[in-house]
Structure formats: structure tokens, C-alpha cells
Amino acid sequence: MSHKLNPYFQAGLDVMDQPCLVIGGDREAEEKSGRLLDAGARITVVSPALTPTLAEWVSAGRITHQQRGFEDTDLDGVFLALNTINDDEALTAKVYKLAIAQRILINSYDNPTHSNFGMMALIHPGHLRLSISTSNASPALASRLRKDLEGLFDEEFVEYLNCLADARQRVRDKVTNRETRFALLRALVRDFRVEGALHYPAQWRKYAEALLNCELDACGTQGRCENCPLVTE
């Protein structure tokens with residue numbers, strides 16, 4: 001395994017009613033803020049400008065907005081911080097250093113070396129939370145997997161999971177025998193299964209090898225090399 005890859009330790013983080021900071025106001029900040037809202041966090045967004053959706057959440061009182069750039073005191077009392085600005089290396093390094101000094105959880109977008117936790121690709125129909133990580137080997141593949149898997153979980157799945165939640169609570173309230181409870185709840189998912197197959201890009205080895213052997217210094221400024229994967233687009 002490459003020393004640059006980090007498999008992380010997968011865990012569910014309880015941010016319910018916790019103060020969380022989002023630095024930035026673009027679509028990435030919107031996506032991260034949405035995930036924090038779904039998890040019940042109290043969110044402050046620091047950014048001179050916001051996407052229309054973020055602005056709507058501010059107007060609705062769902063998030064707090066500081067209309068300016070980041071200041072050191074923005075981290076005071078924060079449980080978790082997400083820096084979604086990836087084109088300011090000095091800011092990224094500064095926020096990371098301050099967060100680490102205050103023992104704050106920090107994720108810097110597309111910058112694992114300035115993060116102490118990772119943001120996984122997430123599938124979340126209804127109560128389901130299915131996260132996907134490639135240990136930073138290929139975030140593009142994680143995104144591709146997320147898009148394909150999202151199509152499997154339709155409205156019936158959401159209804160099914162809601163019913164399972166209600167049934168579980170009722171069984172826990174009414175059935176005192178532990179083994180009977182487990183047997184009843186397992187019976188409801190006995191025949192549930194996911195079926196599918198993986199489809200790899202044609203000649204992916206050839207295109208990957210071409211990238212590994214290409215100098216890449218002039219990539220995008222000159223004509224495409226032989227076996228460039230972009231020729232398939």
C-alpha cells in the first residue's frame with residue numbers, strides 16, 4: 001500500500017446539536033452544510049458570498065452566516081470544522097494548524113494532509129447512511145460508485161426501512177424475550193438482498209499504463225498522446 005493512502009477508521013460521528021463551522025460558500029460548502037444539517041448540527045458558514053441554496057438556509061434560520069473571510073476566532077468553541085476552500089494553501093495550512101492546536105476535528109477539501117478525518121462519498125436514502133471510501137486512491141471512483149448505487153435505493157426502499165424502524169421499536173417495547181426479538185426482526189430482512197455486477201472500462205489497463213508512462217508535463221496544452229484515456233470521450 002502506498003504511504004500516501006489513508007484507509008481511515010470508519011465510524012459514525014454524533015454532531016447532533018454540536019457547533020460546526022463551514023469555511024466557504026460555494027457548491028462544496030452547500031453539499032457539506034446539507035450533510036451537517038441532516039445530522040442535526042448547528043452550523044455557521046463563513047464566506048463573503050453564498051450559493052442560492054445556502055442563502056435560503058440562512059433566511060430560514062437553519063444556518064448562521066458570517067459574511068466575511070475566515071478569522072482565527074471563528075474556531076472558538078467549535079466541535080468540527082470543514083474548510084471547503086481549496087485554492088488558498090496559506091489559509092488551508094493556517095486553519096489546520098489552529099484546529100489541531102484546539103483539538104478540533106478538521107477536514108480540508110481535497111487536502112488529506114491538512115485533515116484529521118475524511119469525508120466519504122455518501123448514499124443516504126431515508127435512514128440509510130452508506131459511505132464509500134477508496135482511501136484517497138481514487139475519489140473519482142468513489143463518486144462513480146455513489147452515483148450508481150444511489151439508483152438501487154428507490155422510494156420503496158425508503159418505505160421499507162421506515163417500516164423496519166417502526167417494527168423494531170414496537171417489538172422492543174412489547175417482546176421481553178431477547179432471542180424472540182432478534183428472530184422476529186431478522187425475519188423481516190431474511191429475503192432482502194442486493195444483486196449486481198461490476199463493469200470495467202474497456203482496455204482500462206492500457207489507458208492506465210499510458211498515464212503512468214506519460215510525462216504529463218504538457219498535458220492539456222498540446223495534442224493528446226497515443227492511448228490517452230481522453231480519446232474515448
# chains A, B, ... in the order shown; residues from 1 in each chain; ligands from 1
>>> residues_around(residues="A:Leu122", least_positions_apart="2", cutoff="8 Å", atoms="only C-alpha atoms", output="PyMOL selection string")
chain A and resi 120+124+129-132+146
>>> write_last_selection(atoms="C-alpha atoms", output="short mmCIF file (atom, residue, chain, number, x, y, z; two decimals), in the first residue's frame")
data_model
loop_
_atom_site.label_atom_id
_atom_site.label_comp_id
_atom_site.auth_asym_id
_atom_site.auth_seq_id
_atom_site.Cartn_x
_atom_site.Cartn_y
_atom_site.Cartn_z
CA MET A 120 -16.65 9.77 2.39
CA HIS A 124 -28.46 8.48 2.14
CA ARG A 129 -26.19 6.05 5.52
CA LEU A 130 -23.83 4.17 3.24
CA SER A 131 -20.35 5.68 2.95
CA ILE A 132 -17.76 4.86 0.29
CA ARG A 146 -22.05 6.57 -5.25
#
>>> residues_around(residues="A:Arg186", least_positions_apart="5", cutoff="12 Å", atoms="only C-alpha atoms", output="compact mmCIF listing (two decimals) with C-alpha atoms, in the first residue's frame")
# COMPACT_ATOMS: atom_id res chain seq x y z
CA LEU A 164 -38.48 -1.75 9.76
CA ALA A 167 -41.49 -2.61 13.72
CA ARG A 168 -38.20 -2.69 15.64
CA VAL A 171 -41.05 -5.34 19.11
CA GLU A 179 -33.92 -14.17 21.33
CA THR A 180 -37.54 -13.85 20.21
CA ARG A 181 -36.99 -10.16 19.49
CA ASP A 191 -35.11 -12.36 1.87
CA PHE A 192 -33.66 -8.90 1.29
>>> residues_around(residues="A:Trp57", least_positions_apart="6", cutoff="10 Å", atoms="only C-alpha atoms", output="ChimeraX atom specification")
/A:30,33-34,37,63-65
>>> select_by_dssp(residues="stretch 12-232 of chain A", states="helix (DSSP H, G or I)", output="number ranges by chain")
A: 27-38, 52-59, 72-75, 89-101, 112-114, 139-150, 155-174, 178-187, 204-213, 229-232
>>> residues_around(residues="stretch 106-110 of chain A", least_positions_apart="5", cutoff="9 Å", atoms="only C-alpha atoms", output="list of chain:residue names")
A:Glu28, A:Leu80, A:Ala81, A:Leu82, A:Asn83, A:Thr84, A:Ile85, A:Asn86, A:Thr92, A:Val95, A:Tyr96, A:Ala99, A:Ile100, A:Ser115, A:Asn116, A:Phe117, A:Gly118, A:Met119
>>> write_last_selection(atoms="C-alpha atoms", output="PDB file, in the first residue's frame")
ATOM      1  CA  GLU A  28     -18.940  22.222  -1.999  1.00  0.00           C
ATOM      2  CA  LEU A  80     -15.933  20.248  13.898  1.00  0.00           C
ATOM      3  CA  ALA A  81     -14.708  22.407  11.006  1.00  0.00           C
ATOM      4  CA  LEU A  82     -14.954  21.907   7.256  1.00  0.00           C
ATOM      5  CA  ASN A  83     -12.747  24.063   5.062  1.00  0.00           C
ATOM      6  CA  THR A  84     -14.160  23.873   1.535  1.00  0.00           C
ATOM      7  CA  ILE A  85     -11.735  26.413   0.030  1.00  0.00           C
ATOM      8  CA  ASN A  86      -9.078  24.502  -1.913  1.00  0.00           C
ATOM      9  CA  THR A  92      -5.713  25.822   4.484  1.00  0.00           C
ATOM     10  CA  VAL A  95      -6.935  26.678   9.610  1.00  0.00           C
ATOM     11  CA  TYR A  96      -5.477  23.189  10.022  1.00  0.00           C
ATOM     12  CA  ALA A  99      -7.792  23.396  14.595  1.00  0.00           C
ATOM     13  CA  ILE A 100      -5.174  20.847  15.635  1.00  0.00           C
ATOM     14  CA  SER A 115      -7.288  16.941   7.605  1.00  0.00           C
ATOM     15  CA  ASN A 116      -7.655  14.677  10.620  1.00  0.00           C
ATOM     16  CA  PHE A 117     -10.773  12.957   9.301  1.00  0.00           C
ATOM     17  CA  GLY A 118     -12.080  12.113   5.852  1.00  0.00           C
ATOM     18  CA  MET A 119     -15.376  12.883   4.144  1.00  0.00           C
TER      19      MET A 119
END
>>> atom_distance(atom1="atom CA of A:Val58", atom2="atom CA of A:Val45")
9.2 Å
>>> atom_distance(atom1="atom CA of A:Thr221", atom2="atom CA of A:Ala90")
27.8 Å
>>> select_by_dssp(residues="stretch 4-189 of chain A", states="strand (DSSP E)", output="list in words")
Pro19, Cys20, Leu21, Val22, Ile23, Arg42, Ile43, Thr44, Val45, Val46, Thr64, His65, Gln66, Leu80, Ala81, Leu82, Asn83, Leu105, Ile106, Asn107, Ser108, Ala121, Leu122, Ile123, Leu130, Ser131 and Ile132 of chain A
>>> residues_around(residues="A:Arg42", least_positions_apart="5", cutoff="8 Å", atoms="only C-alpha atoms", output="ChimeraX atom specification")
/A:16-20,36-37,63
>>> atom_distance(atom1="atom CA of A:Leu21", atom2="atom CA of A:Gly77")
9.9 Å
>>> closest_residue(among="A:Leu5, A:Val78, A:Leu50, A:Leu128", to="A:Leu161", atoms="only C-alpha atoms")
A:Leu128
